[in-house]
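Data file: protein38.txt. Format and content: compact mmCIF, C-alpha atoms (C1' of nucleotides) and all ligand atoms.
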# COMPACT_ATOMS: atom_id res chain seq x y z
CA MET A 1 4.88 -2.42 -28.94
CA THR A 2 4.41 -5.77 -27.29
CA GLY A 3 7.40 -7.32 -28.95
CA GLY A 4 9.39 -6.69 -25.81
CA LEU A 5 7.54 -9.57 -24.21
CA VAL A 6 9.77 -12.04 -26.00
CA ALA A 7 12.43 -12.22 -23.41
CA GLN A 8 16.13 -12.66 -23.70
CA SER A 9 16.61 -13.32 -20.02
CA SER A 10 18.38 -16.12 -18.22
CA VAL A 11 15.46 -17.21 -16.06
CA GLY A 12 13.88 -19.36 -18.75
CA PRO A 13 11.91 -18.78 -21.93
CA ARG A 14 8.98 -16.38 -21.95
CA ARG A 15 5.90 -17.07 -24.00
CA LEU A 16 3.98 -14.46 -25.89
CA THR A 17 0.47 -15.49 -24.98
CA THR A 18 -2.74 -13.85 -26.10
CA GLN A 19 -3.51 -12.89 -22.51
CA ARG A 20 -0.22 -11.07 -22.14
CA GLN A 21 -0.82 -9.20 -25.35
CA LEU A 22 -4.30 -8.26 -24.16
CA VAL A 23 -3.07 -6.96 -20.83
CA ALA A 24 -0.13 -5.09 -22.33
CA SER A 25 -2.23 -3.40 -24.99
CA ALA A 26 -5.06 -2.57 -22.58
CA LEU A 27 -2.53 -0.94 -20.26
CA HIS A 28 -0.96 0.95 -23.14
CA GLU A 29 -4.31 2.18 -24.43
CA ALA A 30 -5.38 3.36 -21.00
CA GLY A 31 -2.89 6.19 -21.33
CA ARG A 32 -2.82 6.75 -17.60
CA THR A 33 -2.18 4.90 -14.38
CA VAL A 34 -4.67 2.10 -13.82
CA SER A 35 -5.15 -0.57 -11.18
CA ALA A 36 -5.13 -4.30 -11.81
CA ALA A 37 -8.82 -4.43 -10.94
CA GLU A 38 -9.63 -1.77 -13.51
CA LEU A 39 -7.75 -3.62 -16.21
CA PHE A 40 -9.35 -6.91 -15.27
CA ALA A 41 -12.85 -5.46 -15.41
CA GLY A 42 -12.24 -3.89 -18.80
CA LEU A 43 -10.73 -7.06 -20.24
CA ARG A 44 -13.53 -9.22 -18.89
CA GLY A 45 -16.05 -7.00 -20.64
CA ASN A 46 -14.63 -7.90 -24.04
CA ASN A 47 -13.26 -11.36 -23.40
CA PRO A 48 -14.77 -13.33 -20.50
CA ARG A 49 -12.04 -15.92 -20.77
CA ILE A 50 -9.26 -14.20 -18.88
CA GLY A 51 -8.34 -14.83 -15.27
CA ARG A 52 -7.82 -12.37 -12.47
CA ALA A 53 -4.53 -13.93 -11.45
CA THR A 54 -3.25 -13.63 -14.99
CA VAL A 55 -3.74 -9.88 -14.94
CA PHE A 56 -1.76 -9.59 -11.71
CA ARG A 57 0.93 -11.93 -12.96
CA THR A 58 1.25 -10.13 -16.27
CA LEU A 59 1.50 -6.74 -14.63
CA ASP A 60 4.27 -8.05 -12.41
CA LEU A 61 6.02 -9.39 -15.48
CA LEU A 62 5.69 -6.12 -17.38
CA VAL A 63 7.22 -4.27 -14.44
CA GLU A 64 9.99 -6.84 -14.19
CA ILE A 65 11.03 -6.47 -17.82
CA GLY A 66 10.63 -2.70 -17.78
CA LEU A 67 7.57 -2.28 -20.00
CA ALA A 68 5.46 -0.98 -17.14
CA GLN A 69 6.02 0.91 -13.95
CA ARG A 70 4.29 0.47 -10.63
CA PHE A 71 3.11 3.25 -8.34
CA GLU A 72 1.31 3.41 -5.04
CA GLY A 73 -2.28 4.55 -5.43
CA ASP A 74 -4.19 6.50 -2.81
CA GLY A 75 -6.38 3.68 -1.54
CA HIS A 76 -3.33 1.53 -0.85
CA VAL A 77 -3.56 -0.08 -4.28
CA TYR A 78 -0.91 -0.57 -6.92
CA LEU A 79 -1.28 1.49 -10.07
CA TYR A 80 0.47 0.68 -13.33
CA THR A 81 1.43 2.62 -16.39
CA SER A 82 2.77 1.49 -19.74
CA CYS A 83 6.28 2.71 -20.16
CA ALA A 84 9.33 2.59 -22.38
CA PRO A 85 11.97 0.33 -20.86
CA ILE A 86 14.56 3.07 -20.49
CA HIS A 87 15.24 4.51 -17.10
CA HIS A 88 13.39 7.70 -16.33
CA HIS A 89 11.22 9.28 -13.67
CA HIS A 90 7.63 10.49 -13.63
CA LEU A 91 5.21 13.06 -12.43
CA VAL A 92 2.02 11.27 -11.46
CA CYS A 93 -1.21 13.24 -11.20
CA ARG A 94 -3.26 12.10 -8.23
CA VAL A 95 -6.47 13.46 -9.77
CA CYS A 96 -6.56 12.14 -13.34
CA GLY A 97 -3.88 9.46 -13.10
CA GLY A 98 -1.89 10.95 -15.95
CA THR A 99 1.88 10.60 -16.01
CA THR A 100 4.57 12.83 -17.46
CA ASP A 101 8.17 11.87 -17.96
CA ILE A 102 10.76 14.00 -16.21
CA ASP A 103 14.07 15.00 -17.66
CA ASP A 104 16.50 12.77 -15.85
CA ALA A 105 19.11 15.48 -15.64
CA GLU A 106 17.38 17.51 -12.98
CA VAL A 107 16.58 14.46 -10.91
CA ASP A 108 20.08 13.10 -11.21
CA ALA A 109 21.44 16.38 -9.94
CA LEU A 110 19.41 15.90 -6.77
CA ILE A 111 20.49 12.29 -6.48
CA ARG A 112 24.15 13.23 -6.71
CA SER A 113 23.70 16.06 -4.26
CA VAL A 114 21.97 13.79 -1.77
CA HIS A 115 24.56 11.08 -2.20
CA ARG A 116 27.39 13.55 -1.65
CA ARG A 117 25.88 14.87 1.57
CA HIS A 118 24.43 11.77 3.11
CA ASP A 119 26.28 8.77 1.70
CA PHE A 120 22.98 7.17 0.86
CA VAL A 121 22.37 5.00 -2.20
CA LEU A 122 19.06 6.03 -3.70
CA ASP A 123 16.88 3.37 -5.23
CA HIS A 124 16.26 5.04 -8.56
CA ALA A 125 13.14 3.05 -9.27
CA SER A 126 11.22 4.81 -6.53
CA LEU A 127 11.99 8.37 -7.51
CA ASP A 128 8.65 9.43 -8.86
CA PHE A 129 6.66 12.44 -7.81
CA TYR A 130 3.00 12.90 -7.03
CA GLY A 131 0.86 15.97 -7.33
CA THR A 132 -1.70 17.66 -9.54
CA CYS A 133 -1.23 18.34 -13.23
CA SER A 134 -2.06 21.67 -14.85
CA SER A 135 -5.29 20.43 -16.44
CA CYS A 136 -6.76 19.20 -13.16
CA PRO A 137 -8.31 21.38 -10.47
CA ALA A 138 -5.84 21.96 -7.67
CA ALA A 139 -6.88 19.47 -5.01
CA LYS A 140 -7.15 20.65 -1.42
CA MET B 1 6.63 14.96 23.02
CA THR B 2 3.04 13.75 23.17
CA GLY B 3 1.63 17.10 24.17
CA GLY B 4 0.75 17.76 20.57
CA LEU B 5 -2.08 15.31 20.93
CA VAL B 6 -4.20 17.93 22.59
CA ALA B 7 -5.79 19.37 19.51
CA GLN B 8 -7.03 22.81 18.59
CA SER B 9 -8.86 21.68 15.47
CA SER B 10 -12.41 22.24 14.32
CA VAL B 11 -13.36 18.58 14.02
CA GLY B 12 -14.03 18.19 17.73
CA PRO B 13 -11.96 17.81 20.87
CA ARG B 14 -9.14 15.29 20.98
CA ARG B 15 -8.52 13.27 24.09
CA LEU B 16 -5.12 12.36 25.43
CA THR B 17 -5.76 8.72 26.29
CA THR B 18 -3.30 6.27 27.77
CA GLN B 19 -3.44 4.17 24.59
CA ARG B 20 -2.48 7.13 22.43
CA GLN B 21 0.41 7.92 24.70
CA LEU B 22 1.53 4.31 24.54
CA VAL B 23 1.44 4.19 20.76
CA ALA B 24 3.11 7.57 20.34
CA SER B 25 5.93 6.74 22.72
CA ALA B 26 6.45 3.25 21.31
CA LEU B 27 6.71 4.73 17.83
CA HIS B 28 9.12 7.37 19.05
CA GLU B 29 11.29 4.86 20.86
CA ALA B 30 11.48 2.60 17.82
CA GLY B 31 13.77 5.14 16.21
CA ARG B 32 13.03 3.80 12.76
CA THR B 33 10.13 3.05 10.45
CA VAL B 34 7.80 0.41 11.86
CA SER B 35 4.56 -1.16 10.76
CA ALA B 36 1.31 -1.06 12.69
CA ALA B 37 1.57 -4.81 13.25
CA GLU B 38 5.05 -4.46 14.75
CA LEU B 39 3.88 -1.76 17.12
CA PHE B 40 0.82 -3.75 18.10
CA ALA B 41 2.85 -6.85 18.86
CA GLY B 42 5.31 -4.89 20.98
CA LEU B 43 2.59 -3.11 22.90
CA ARG B 44 0.66 -6.31 23.51
CA GLY B 45 3.75 -7.86 25.04
CA ASN B 46 3.78 -5.28 27.81
CA ASN B 47 0.12 -4.43 28.11
CA PRO B 48 -2.40 -7.00 26.87
CA ARG B 49 -5.19 -4.49 27.14
CA ILE B 50 -4.73 -2.60 23.90
CA GLY B 51 -6.66 -3.19 20.72
CA ARG B 52 -5.40 -3.68 17.21
CA ALA B 53 -7.79 -1.12 15.78
CA THR B 54 -6.61 1.45 18.28
CA VAL B 55 -3.06 1.16 17.02
CA PHE B 56 -4.18 1.74 13.44
CA ARG B 57 -6.45 4.61 14.45
CA THR B 58 -3.80 6.27 16.54
CA LEU B 59 -1.22 6.03 13.77
CA ASP B 60 -3.67 7.66 11.38
CA LEU B 61 -4.24 10.38 13.93
CA LEU B 62 -0.54 10.97 14.46
CA VAL B 63 -0.05 11.33 10.72
CA GLU B 64 -3.02 13.66 10.50
CA ILE B 65 -1.69 16.03 13.13
CA GLY B 66 1.87 15.85 11.85
CA LEU B 67 3.53 13.90 14.65
CA ALA B 68 4.20 10.90 12.43
CA GLN B 69 4.80 10.26 8.78
CA ARG B 70 3.60 7.37 6.68
CA PHE B 71 5.65 5.52 4.07
CA GLU B 72 5.03 2.61 1.75
CA GLY B 73 6.87 -0.51 2.87
CA ASP B 74 8.14 -3.19 0.57
CA GLY B 75 5.51 -5.84 1.32
CA HIS B 76 2.75 -3.36 0.49
CA VAL B 77 2.44 -2.35 4.10
CA TYR B 78 2.38 1.09 5.66
CA LEU B 79 5.40 2.08 7.72
CA TYR B 80 5.40 4.89 10.24
CA THR B 81 8.03 7.06 11.82
CA SER B 82 7.83 9.53 14.67
CA CYS B 83 8.48 12.98 13.38
CA ALA B 84 8.55 16.63 14.29
CA PRO B 85 5.48 18.38 12.91
CA ILE B 86 7.43 20.72 10.68
CA HIS B 87 7.55 20.12 6.99
CA HIS B 88 10.60 18.22 5.77
CA HIS B 89 11.59 15.26 3.62
CA HIS B 90 13.33 11.98 4.36
CA LEU B 91 15.72 9.38 3.19
CA VAL B 92 14.29 5.99 4.12
CA CYS B 93 16.60 2.98 4.26
CA ARG B 94 14.90 -0.07 2.83
CA VAL B 95 17.23 -2.39 4.75
CA CYS B 96 17.23 -1.15 8.34
CA GLY B 97 14.20 1.14 8.21
CA GLY B 98 16.20 4.11 9.44
CA THR B 99 15.22 7.61 8.34
CA THR B 100 17.30 10.71 7.82
CA ASP B 101 15.96 14.20 7.39
CA ILE B 102 16.89 15.98 4.18
CA ASP B 103 17.71 19.62 3.94
CA ASP B 104 14.64 21.13 2.39
CA ALA B 105 16.66 23.55 0.30
CA GLU B 106 17.94 21.00 -2.16
CA VAL B 107 14.54 19.38 -2.54
CA ASP B 108 12.78 22.69 -2.95
CA ALA B 109 15.14 23.57 -5.78
CA LEU B 110 13.95 20.48 -7.61
CA ILE B 111 10.33 21.25 -6.85
CA ARG B 112 10.66 24.75 -8.24
CA SER B 113 12.48 23.51 -11.30
CA VAL B 114 9.85 20.87 -11.99
CA HIS B 115 7.06 23.35 -11.49
CA ARG B 116 8.67 25.85 -13.85
CA ARG B 117 9.06 23.28 -16.60
CA HIS B 118 5.91 21.23 -16.25
CA ASP B 119 3.30 23.36 -14.51
CA PHE B 120 2.70 20.56 -12.07
CA VAL B 121 1.89 21.09 -8.40
CA LEU B 122 3.94 18.62 -6.37
CA ASP B 123 2.38 17.10 -3.31
CA HIS B 124 5.11 17.86 -0.84
CA ALA B 125 4.06 15.14 1.56
CA SER B 126 5.09 12.41 -0.86
CA LEU B 127 8.58 13.62 -1.62
CA ASP B 128 10.56 11.06 0.29
CA PHE B 129 13.36 8.94 -1.05
CA TYR B 130 14.15 5.27 -0.65
CA GLY B 131 17.47 3.49 -0.81
CA THR B 132 20.22 2.03 1.33
CA CYS B 133 22.00 3.90 4.07
CA SER B 134 25.76 3.88 4.51
CA SER B 135 25.71 1.48 7.44
CA CYS B 136 23.75 -1.18 5.61
CA PRO B 137 25.11 -3.58 2.99
CA ALA B 138 24.21 -2.41 -0.49
CA ALA B 139 21.23 -4.52 -1.41
CA LYS B 140 20.98 -6.15 -4.85
C1' DA C 1 -15.95 15.64 44.01
C1' DT C 2 -19.67 14.12 41.06
C1' DC C 3 -22.12 14.07 36.84
C1' DC C 4 -22.66 13.95 31.95
C1' DT C 5 -21.70 13.22 27.47
C1' DA C 6 -19.24 12.55 23.56
C1' DA C 7 -14.79 10.78 22.27
C1' DC C 8 -12.66 6.67 22.54
C1' DT C 9 -11.71 1.66 23.12
C1' DG C 10 -11.38 -3.31 21.91
C1' DA C 11 -13.59 -7.63 20.28
C1' DT C 12 -15.28 -9.10 16.30
C1' DA C 13 -16.61 -9.44 11.72
C1' DC C 14 -15.75 -7.86 7.40
C1' DT C 15 -13.58 -5.99 2.93
C1' DC C 16 -10.65 -6.53 -0.67
C1' DG C 17 -6.04 -6.39 -2.97
C1' DG C 18 -2.86 -9.66 -3.79
C1' DT C 19 -0.98 -14.62 -3.68
C1' DA C 20 -0.62 -19.81 -3.57
C1' DT C 21 -2.45 -24.10 -5.45
C1' DC C 22 -3.38 -27.20 -8.85
C1' DG C 23 -5.52 -29.43 -12.67
C1' DT C 24 -5.93 -27.87 -17.53
C1' DT C 25 -4.49 -25.32 -21.74
C1' DA C 26 -1.53 -23.80 -25.19
C1' DG C 27 3.05 -21.61 -26.84
C1' DC C 28 7.09 -23.08 -28.89
C1' DC C 29 10.71 -26.10 -30.59
C1' DG C 30 12.15 -30.05 -33.02
C1' DC D 1 2.39 -33.20 -35.84
C1' DG D 2 4.08 -34.54 -30.76
C1' DG D 3 6.04 -33.52 -26.47
C1' DC D 4 7.58 -30.52 -23.00
C1' DT D 5 6.54 -27.15 -19.83
C1' DA D 6 5.35 -22.21 -19.28
C1' DA D 7 1.33 -20.20 -18.55
C1' DC D 8 -3.69 -20.15 -17.70
C1' DG D 9 -8.07 -19.79 -14.79
C1' DA D 10 -10.95 -21.26 -10.94
C1' DT D 11 -10.68 -21.38 -6.41
C1' DA D 12 -9.17 -21.04 -1.90
C1' DC D 13 -6.52 -18.52 0.89
C1' DC D 14 -3.87 -14.63 3.36
C1' DG D 15 -3.30 -10.48 5.69
C1' DA D 16 -3.44 -5.38 6.06
C1' DG D 17 -6.67 -2.23 7.00
C1' DT D 18 -11.68 -0.84 8.13
C1' DA D 19 -16.55 -0.87 9.90
C1' DT D 20 -19.52 -1.91 13.80
C1' DC D 21 -21.13 -1.41 18.23
C1' DA D 22 -21.65 -2.15 23.12
C1' DG D 23 -18.94 -0.75 26.89
C1' DT D 24 -15.43 2.62 28.86
C1' DT D 25 -13.22 6.92 30.07
C1' DA D 26 -11.38 11.71 29.47
C1' DG D 27 -12.38 16.01 30.67
C1' DG D 28 -15.48 20.01 30.87
C1' DA D 29 -19.54 21.61 33.59
C1' DT D 30 -21.78 22.23 37.83
MN MN A 201 7.31 6.93 -18.73
MN MN A 202 11.81 13.52 10.23
ZN ZN A 203 -4.31 15.49 -13.82
ZN ZN A 204 20.11 1.20 6.70
Would you encode the structure as structure tokens?
Ligand SMILES: [Mn+2]
Ligand SMILES: [Mn+2]
Ligand SMILES: [Zn+2]
Ligand SMILES: [Zn+2]
Amino acid sequence: MTGGLVAQSSVGPRRLTTQRQLVASALHEAGRTVSAAELFAGLRGNNPRIGRATVFRTLDLLVEIGLAQRFEGDGHVYLYTSCAPIHHHHLVCRVCGGTTDIDDAEVDALIRSVHRRHDFVLDHASLDFYGTCSSCPAAK
Amino acid sequence: MTGGLVAQSSVGPRRLTTQRQLVASALHEAGRTVSAAELFAGLRGNNPRIGRATVFRTLDLLVEIGLAQRFEGDGHVYLYTSCAPIHHHHLVCRVCGGTTDIDDAEVDALIRSVHRRHDFVLDHASLDFYGTCSSCPAAK
DNA sequence: ATCCTAACTGATACTCGGTATCGTTAGCCG
DNA sequence: CGGCTAACGATACCGAGTATCAGTTAGGAT
């Protein structure tokens, strides 16, 4: 699951370090959206020899290569979720942090409709939706 | 356009101060999404007697009562736009900051579809879309 | 018009998520 | 191995947003 870290990109070789494996697997095992601070705290508990900056850098890298996705959390914090590197959209629960993949077809229909009416190029990466999942009490 | 500041809420009376009028009208005249820092700088240029915190507080207030809407900017900064206090969604151009209102009908269709399939309550306030408008060069 | 009081303001200090720096470590290739 | 250099971690730093609090002012009451 972390094999995707070995990059085939043109910006230089990527190294599969133990820290990157730790961050990637911690994110994957979280099973929900988590902040960099959360991940850092959890990793420090097990292995005190990991740096804060490394967690931030690795999360950026994972997003860049498509193995994670970034969301905006409520307290103006970035949240991350482990993700397959194929393009799709999410429902993000604001209560429990859980994410659910959306069928691209219904979203793409909206994108095409909007594009037809407004001549506006949607940035697909940002088309994720926030709310409350069925197993969480309806907030508000 | 600033009359809405006089509140009828249960959290105490709201006062229509000169600072609030300044912020509200500056935001309205911007005609696009702007950050709190931008507004503050512009207001300071004309009237040095306005505080940074007041700009932030007033923007929060405007969002709270529905006269402005908050977005997430690229540099992890909040952007604001003056807005009619009726529920609707936006296209936000990441290049020029311009916003366009979307017909609610097409968005609501998606919301209903998602809710039918996933039993997920969408937070309507967050359903805004980012991209590049037709009068801006296609980024990337 | 004047008073009164609570809402509001602005200077300042602070919090904290994220980033830049830089000397050190370690992945990877030959 | 040995060497190159990506990547690491400690630390300092930045900047958006918030808390504090003494002083100010809007606006209702008299
Ligand atoms: Mn996913
Ligand atoms: Mn609008
Ligand atoms: Zn949930
Ligand atoms: Zn534009």
Problem - Distance-based interface of chain A with chain D, 12 Å, counting all atoms listed in the file, as a list in words - result: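 Close enough to count are Val11, Gly12, Pro13, Arg14, Arg15, Leu16, Thr17, Thr18, Gln19, Arg20, Pro48, Arg49, Ile50, Gly51, Arg52, Ala53, Thr54, Val55, Arg57, Thr58, Gly75, His76 and Val77 of chain A.
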Once chain B is superposed on chain A with a least-squares fit on all C-alpha pairs taken in order, can you show it as a CSV table (one decimal) with C-alpha atoms, keeping the file's coordinate frame?
chain,number,residue,atom,x,y,z
B,1,MET,CA,5.1,-2.5,-28.7
B,2,THR,CA,4.6,-5.9,-27.2
B,3,GLY,CA,7.6,-7.4,-28.9
B,4,GLY,CA,9.6,-6.9,-25.7
B,5,LEU,CA,7.7,-9.8,-24.2
B,6,VAL,CA,10.0,-12.2,-25.9
B,7,ALA,CA,12.6,-12.5,-23.3
B,8,GLN,CA,16.4,-13.2,-23.4
B,9,SER,CA,16.7,-13.7,-19.7
B,10,SER,CA,18.3,-16.6,-17.8
B,11,VAL,CA,15.2,-17.5,-15.8
B,12,GLY,CA,13.7,-19.5,-18.6
B,13,PRO,CA,11.9,-18.8,-21.8
B,14,ARG,CA,9.0,-16.3,-21.9
B,15,ARG,CA,5.9,-17.0,-24.0
B,16,LEU,CA,4.0,-14.4,-25.9
B,17,THR,CA,0.5,-15.5,-25.0
B,18,THR,CA,-2.7,-13.8,-26.2
B,19,GLN,CA,-3.5,-12.9,-22.6
B,20,ARG,CA,-0.2,-11.0,-22.2
B,21,GLN,CA,-0.8,-9.2,-25.4
B,22,LEU,CA,-4.3,-8.2,-24.2
B,23,VAL,CA,-3.1,-6.9,-20.9
B,24,ALA,CA,-0.1,-5.1,-22.4
B,25,SER,CA,-2.2,-3.4,-25.0
B,26,ALA,CA,-5.0,-2.5,-22.6
B,27,LEU,CA,-2.5,-0.9,-20.3
B,28,HIS,CA,-0.9,1.0,-23.1
B,29,GLU,CA,-4.3,2.2,-24.4
B,30,ALA,CA,-5.3,3.4,-21.0
B,31,GLY,CA,-2.9,6.2,-21.4
B,32,ARG,CA,-2.8,6.8,-17.6
B,33,THR,CA,-2.2,4.9,-14.4
B,34,VAL,CA,-4.7,2.1,-13.8
B,35,SER,CA,-5.1,-0.5,-11.2
B,36,ALA,CA,-5.1,-4.3,-11.8
B,37,ALA,CA,-8.8,-4.4,-11.0
B,38,GLU,CA,-9.6,-1.7,-13.5
B,39,LEU,CA,-7.8,-3.6,-16.2
B,40,PHE,CA,-9.4,-6.9,-15.3
B,41,ALA,CA,-12.9,-5.4,-15.4
B,42,GLY,CA,-12.2,-3.8,-18.8
B,43,LEU,CA,-10.7,-7.0,-20.3
B,44,ARG,CA,-13.6,-9.1,-18.9
B,45,GLY,CA,-16.1,-6.9,-20.7
B,46,ASN,CA,-14.7,-7.8,-24.1
B,47,ASN,CA,-13.3,-11.2,-23.5
B,48,PRO,CA,-14.8,-13.2,-20.6
B,49,ARG,CA,-12.1,-15.8,-20.9
B,50,ILE,CA,-9.3,-14.1,-18.9
B,51,GLY,CA,-8.4,-14.7,-15.3
B,52,ARG,CA,-7.9,-12.3,-12.5
B,53,ALA,CA,-4.6,-13.9,-11.5
B,54,THR,CA,-3.3,-13.6,-15.0
B,55,VAL,CA,-3.8,-9.8,-15.0
B,56,PHE,CA,-1.8,-9.5,-11.8
B,57,ARG,CA,0.9,-11.9,-13.0
B,58,THR,CA,1.2,-10.1,-16.3
B,59,LEU,CA,1.5,-6.7,-14.7
B,60,ASP,CA,4.3,-8.0,-12.4
B,61,LEU,CA,6.0,-9.4,-15.5
B,62,LEU,CA,5.7,-6.1,-17.4
B,63,VAL,CA,7.2,-4.3,-14.5
B,64,GLU,CA,10.0,-6.8,-14.2
B,65,ILE,CA,11.0,-6.5,-17.8
B,66,GLY,CA,10.7,-2.7,-17.8
B,67,LEU,CA,7.6,-2.3,-20.0
B,68,ALA,CA,5.5,-1.0,-17.2
B,69,GLN,CA,6.0,0.9,-14.0
B,70,ARG,CA,4.3,0.5,-10.7
B,71,PHE,CA,3.1,3.2,-8.4
B,72,GLU,CA,1.4,3.4,-5.0
B,73,GLY,CA,-2.2,4.6,-5.4
B,74,ASP,CA,-4.2,6.5,-2.8
B,75,GLY,CA,-6.4,3.6,-1.6
B,76,HIS,CA,-3.3,1.5,-0.9
B,77,VAL,CA,-3.6,-0.1,-4.3
B,78,TYR,CA,-0.9,-0.6,-7.0
B,79,LEU,CA,-1.3,1.5,-10.1
B,80,TYR,CA,0.5,0.7,-13.4
B,81,THR,CA,1.4,2.6,-16.4
B,82,SER,CA,2.8,1.5,-19.8
B,83,CYS,CA,6.3,2.7,-20.2
B,84,ALA,CA,9.3,2.6,-22.4
B,85,PRO,CA,12.0,0.4,-20.9
B,86,ILE,CA,14.5,3.1,-20.5
B,87,HIS,CA,15.2,4.6,-17.1
B,88,HIS,CA,13.3,7.8,-16.4
B,89,HIS,CA,11.2,9.3,-13.7
B,90,HIS,CA,7.6,10.5,-13.6
B,91,LEU,CA,5.2,13.1,-12.4
B,92,VAL,CA,2.0,11.3,-11.4
B,93,CYS,CA,-1.3,13.2,-11.1
B,94,ARG,CA,-3.3,12.0,-8.2
B,95,VAL,CA,-6.5,13.4,-9.7
B,96,CYS,CA,-6.6,12.1,-13.3
B,97,GLY,CA,-3.9,9.4,-13.0
B,98,GLY,CA,-1.9,11.0,-15.9
B,99,THR,CA,1.9,10.6,-16.0
B,100,THR,CA,4.5,12.9,-17.4
B,101,ASP,CA,8.1,11.9,-18.0
B,102,ILE,CA,10.7,14.1,-16.2
B,103,ASP,CA,14.0,15.1,-17.6
B,104,ASP,CA,16.5,12.9,-15.9
B,105,ALA,CA,19.0,15.6,-15.7
B,106,GLU,CA,17.3,17.6,-13.0
B,107,VAL,CA,16.6,14.5,-10.9
B,108,ASP,CA,20.1,13.2,-11.3
B,109,ALA,CA,21.4,16.5,-9.9
B,110,LEU,CA,19.4,15.9,-6.8
B,111,ILE,CA,20.5,12.3,-6.6
B,112,ARG,CA,24.2,13.3,-6.8
B,113,SER,CA,23.7,16.1,-4.3
B,114,VAL,CA,22.0,13.8,-1.8
B,115,HIS,CA,24.6,11.1,-2.3
B,116,ARG,CA,27.5,13.6,-1.7
B,117,ARG,CA,26.0,14.9,1.5
B,118,HIS,CA,24.5,11.7,3.0
B,119,ASP,CA,26.4,8.7,1.5
B,120,PHE,CA,23.1,7.2,0.7
B,121,VAL,CA,22.4,5.1,-2.4
B,122,LEU,CA,19.1,6.1,-3.9
B,123,ASP,CA,16.9,3.5,-5.4
B,124,HIS,CA,16.3,5.1,-8.7
B,125,ALA,CA,13.1,3.1,-9.4
B,126,SER,CA,11.3,4.9,-6.6
B,127,LEU,CA,12.0,8.4,-7.5
B,128,ASP,CA,8.6,9.4,-8.9
B,129,PHE,CA,6.6,12.4,-7.8
B,130,TYR,CA,3.0,12.9,-7.0
B,131,GLY,CA,0.8,15.9,-7.2
B,132,THR,CA,-1.8,17.6,-9.4
B,133,CYS,CA,-1.3,18.3,-13.1
B,134,SER,CA,-2.2,21.7,-14.7
B,135,SER,CA,-5.4,20.4,-16.3
B,136,CYS,CA,-6.9,19.2,-13.0
B,137,PRO,CA,-8.4,21.3,-10.3
B,138,ALA,CA,-6.0,21.8,-7.5
B,139,ALA,CA,-7.1,19.3,-4.9
B,140,LYS,CA,-7.3,20.3,-1.2
Exercise for the section: Residues of chain C near chain B: apply a cut-off of 9 Å, count all atoms listed in the file, and supply the list as a PyMOL selection string. Expected result: chain C and resi 7-11
Practice task
Between CA of Phe120 in chain B and CA of Cys133 in chain A, measure the distance and give it in Å to one decimal.
Solution key: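 Going from CA of Phe120 in chain B over to CA of Cys133 in chain A, I get 4.7 Å.
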Handout entry: Test item: residues no farther than 9 Å from ligand MN 202 (chain A), counting all atoms listed in the file, as a PyMOL selection string
Key = chain B and resi 68-69+81-90+99-102
Problem - At most 7 Å to chain A: residues in chain B, only C-alpha atoms, as a ChimeraX atom specification - result: /B:119-123,126-127,129-134
Problem - Atomic distance CA of Val23 in chain A - CA of Leu39 in chain A, expressed in Å with one decimal - result: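 Distance between the two atoms: 7.4 Å.
The interatomic distance for the pair CA of Leu43 in chain B and CA of Gly66 in chain B works out to 22.0 Å.
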Handout entry: Exercise: residues within 9 Å of coordinate (10.1, 5.0, 13.9), counting only C-alpha atoms (C1' of nucleotides), as a ChimeraX atom specification
Key = /B:26-35,68,79-83,97-99
Handout entry: Nearest-residue call for ligand ZN 203 (chain A), choices A:Pro137, A:Cys96, A:Asp108, A:Asn46, using only C-alpha atoms and all ligand atoms
Key =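 Counting only C-alpha atoms and all ligand atoms, the residue closest to ligand ZN 203 (chain A) is A:Cys96.
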